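Notes follow once the structure below has been shown.
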Amino acid sequence: NNTKIIKRESLYKLYTLTDINYKYTEYYYRYLNGKNVVLVGPASTIVNTNSGNLINSFDIVVRLNKSLPLSNKLVNDIGNRTDILYNSLNRYDYPGENILDENLFINNGVKFLCTSYPNITPFSTDINHYLNNSNCKLPFRIINEQLYNDIKSSIRTRPNTGIMAIMDLLKSDLKLLYITGLNFYKTSYYKTYKKTSTHRINNNIHNQQSQLNLLKYISL
C-alpha cells in the first residue's frame with residue numbers, strides 16, 4: 001500500500017530485499033489449511049469425463065500455466081473455477097501463449113498466483129518481468145528455492161510445473177489433494193489449453209519418468 005516505496009523501488013527489488021514473499025507464503029498456507037484441494041491439469045484425457053461438478057465441489061481449485069481463460073465448452077469436464085494458479089511465468093515458450101496479465105488472473109477469480117520455480121537463474125528474469133509489470137493487486141508468491149533444489153536433486157531433472165505444485169501444496173496442512181488431468185505428456189493437452197499439442201516426452205530439461213517415479217513414491 002505504500003505507493004511512495006513502490007515508485008522509488010521496483011516491485012521485484014522489494015521482493016528480494018524484504019520479507020513480502022515470506023508473508024504471502026504464510027497467508028497462502030493458512031488459506032490451504034484444512035481444505036479439500038483439487039489440482040486440475042491440462043491433459044486431453046480429462047475431456048468427456050464430466051468431472052466439472054466434482055472439480056467445482058472442492059474448497060480450492062488449482063490450475064497450471066496456460067489454463068486461463070477457461071473454455072465455456074469444457075465446463076462440464078474441467079469446471080469453471082480457479083482459485084490458485086501455478087505459473088512458470090515463461091515468456092518464450094513457443095508459440096508464446098503464456099498470458100502473464102495480472103488483470104486476466106484477477107478477472108478469472110485467481111486468489112493466489114504462485115511461481116513454479118524459485119527466484120534463481122534462469123527463472124529470475126521472468127519473475128522480475130512479471131512483478132515489474134504488475135500493480136501488486138493479486139497476492140503473488142515465489143516458490144521456495146530449497147524445495148526446488150531438493151526435488152531437482154532427487155529426480156535429477158528439472159521438475160514440471162505440475163510436480164512443483166504438488167510438492168508445494170503438500171507442504172501445507174491441507175486436508176485432501178485430488179489430482180486430475182495430469183499425465184506427464186503421455187497424451188496431448190486439451191485443445192483450448194494450447195494451440196499446438198507439440199511436445200517431447202523426454203528432453204534434456206524435463207525427464208518425465210523420474211517425475212512419475214517420485215509421484216509413485218510419495219503416494220506409497
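Ordered as shown in the C-alpha cells, chains take letters A, B, and onward, while each chain numbers its residues from 1 and ligands are numbered from 1 in the order shown.
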- DSSP on the backbone: what in range 138-191 of chain A comes out helix (DSSP H, G or I), as a list in words?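 Residues of range 138-191 of chain A classed as helix (DSSP H, G or I): Glu145, Gln146, Leu147, Tyr148, Asn149, Asp150, Ile151, Lys152, Ser153, Ser154, Ile155, Thr161, Gly162, Ile163, Met164, Ala165, Ile166, Met167, Asp168 and Leu169 of chain A.
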- Query: For Leu113 in chain A, which residue among A:Tyr28, A:Tyr22, A:Tyr92, A:Tyr185 is the nearest when counting only C-alpha atoms?
  - Reply: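 Under the stated criterion, the closest residue is A:Tyr28.
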- Assign secondary structure with DSSP using the backbone only, and return the residues of range 33-196 of chain A in strand (DSSP E or B) as a ChimeraX atom specification. /A:36-40,43,60-64,84-87,112-115,140-141,176-180,189
- Write out as an MDAnalysis selection string which residues come within 7 Å of range 37-45 of chain A when counting only C-alpha atoms, dropping same-chain ones fewer than 3 positions away. chainID A and resid 55 58:64 176:183 187:190 193
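With only C-alpha atoms taken into account, the protein and nucleic acid residues at most 10 Å from Ile99 in chain A (excluding it and anything under 6 positions from it in its own chain) are Asn65, Lys66, Ser67, Leu68, Pro69, Asn87, Leu89, Asn90, Arg91 and Phe105 of chain A.
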The selected residues should be written to file as a short mmCIF file (atom, residue, chain, number, x, y, z; two decimals), in the first residue's frame (atoms: N, CA, C and O atoms).
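That gives us part.cif:
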data_model
loop_
_atom_site.label_atom_id
_atom_site.label_comp_id
_atom_site.auth_asym_id
_atom_site.auth_seq_id
_atom_site.Cartn_x
_atom_site.Cartn_y
_atom_site.Cartn_z
N ASN A 65 -0.17 -23.06 -15.38
CA ASN A 65 0.36 -22.33 -16.53
C ASN A 65 -0.70 -21.67 -17.41
O ASN A 65 -1.25 -20.63 -17.04
N LYS A 66 -1.01 -22.24 -18.57
CA LYS A 66 -1.81 -21.57 -19.59
C LYS A 66 -3.30 -21.90 -19.53
O LYS A 66 -4.02 -21.79 -20.52
N SER A 67 -3.78 -22.29 -18.37
CA SER A 67 -5.17 -22.74 -18.22
C SER A 67 -6.19 -21.63 -18.44
O SER A 67 -7.34 -21.91 -18.79
N LEU A 68 -5.80 -20.39 -18.20
CA LEU A 68 -6.76 -19.28 -18.28
C LEU A 68 -6.63 -18.52 -19.59
O LEU A 68 -5.53 -18.37 -20.11
N PRO A 69 -7.76 -18.04 -20.11
CA PRO A 69 -9.13 -18.19 -19.58
C PRO A 69 -9.67 -19.59 -19.88
O PRO A 69 -9.30 -20.21 -20.87
N ASN A 87 2.26 -20.88 -12.15
CA ASN A 87 2.68 -20.49 -13.48
C ASN A 87 4.20 -20.33 -13.52
O ASN A 87 4.80 -19.73 -12.62
N LEU A 89 5.73 -18.51 -15.50
CA LEU A 89 5.98 -17.12 -15.94
C LEU A 89 6.87 -17.08 -17.17
O LEU A 89 7.46 -16.04 -17.49
N ASN A 90 6.96 -18.19 -17.88
CA ASN A 90 7.81 -18.29 -19.06
C ASN A 90 7.22 -17.46 -20.21
O ASN A 90 6.10 -17.69 -20.64
N ARG A 91 8.02 -16.52 -20.72
CA ARG A 91 7.54 -15.64 -21.80
C ARG A 91 7.98 -16.11 -23.18
O ARG A 91 7.54 -15.56 -24.18
N PHE A 105 -5.78 -12.70 -14.59
CA PHE A 105 -5.83 -13.63 -13.45
C PHE A 105 -6.92 -13.20 -12.46
O PHE A 105 -7.72 -14.03 -12.01
#
- Message: Can you tell me which residues surround Leu214 in chain A at a distance of at most 10 Å, considering only C-alpha atoms, apart from same-chain residues fewer than 5 positions away, and format the answer as a count of residues only?
- Response: 8
- Which residue of A:Tyr217, A:Ile142, A:Leu32, A:Asn107 approaches Tyr86 in chain A most closely, using only C-alpha atoms: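 Looking at the shortest contact to Tyr86 in chain A, the residue is A:Ile142.
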- Kindly indicate which residue among A:Lys186, A:Arg158, A:Lys216, A:Arg141 lies nearest to Tyr12 in chain A, using only C-alpha atoms for the distances.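 Distance minimum relative to Tyr12 in chain A lands on A:Arg141.
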- Restricting the calculation to only C-alpha atoms, which member of A:Ala165, A:His129, A:Thr192, A:Asn149 is positioned closest to Leu74 in chain A? A:Thr192
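Of the residues under consideration (A:Thr121, A:Asn72, A:Asn98, A:Asn132), A:Asn132 shows the shortest atom-to-atom contact distance to Tyr15 in chain A when counting only C-alpha atoms.
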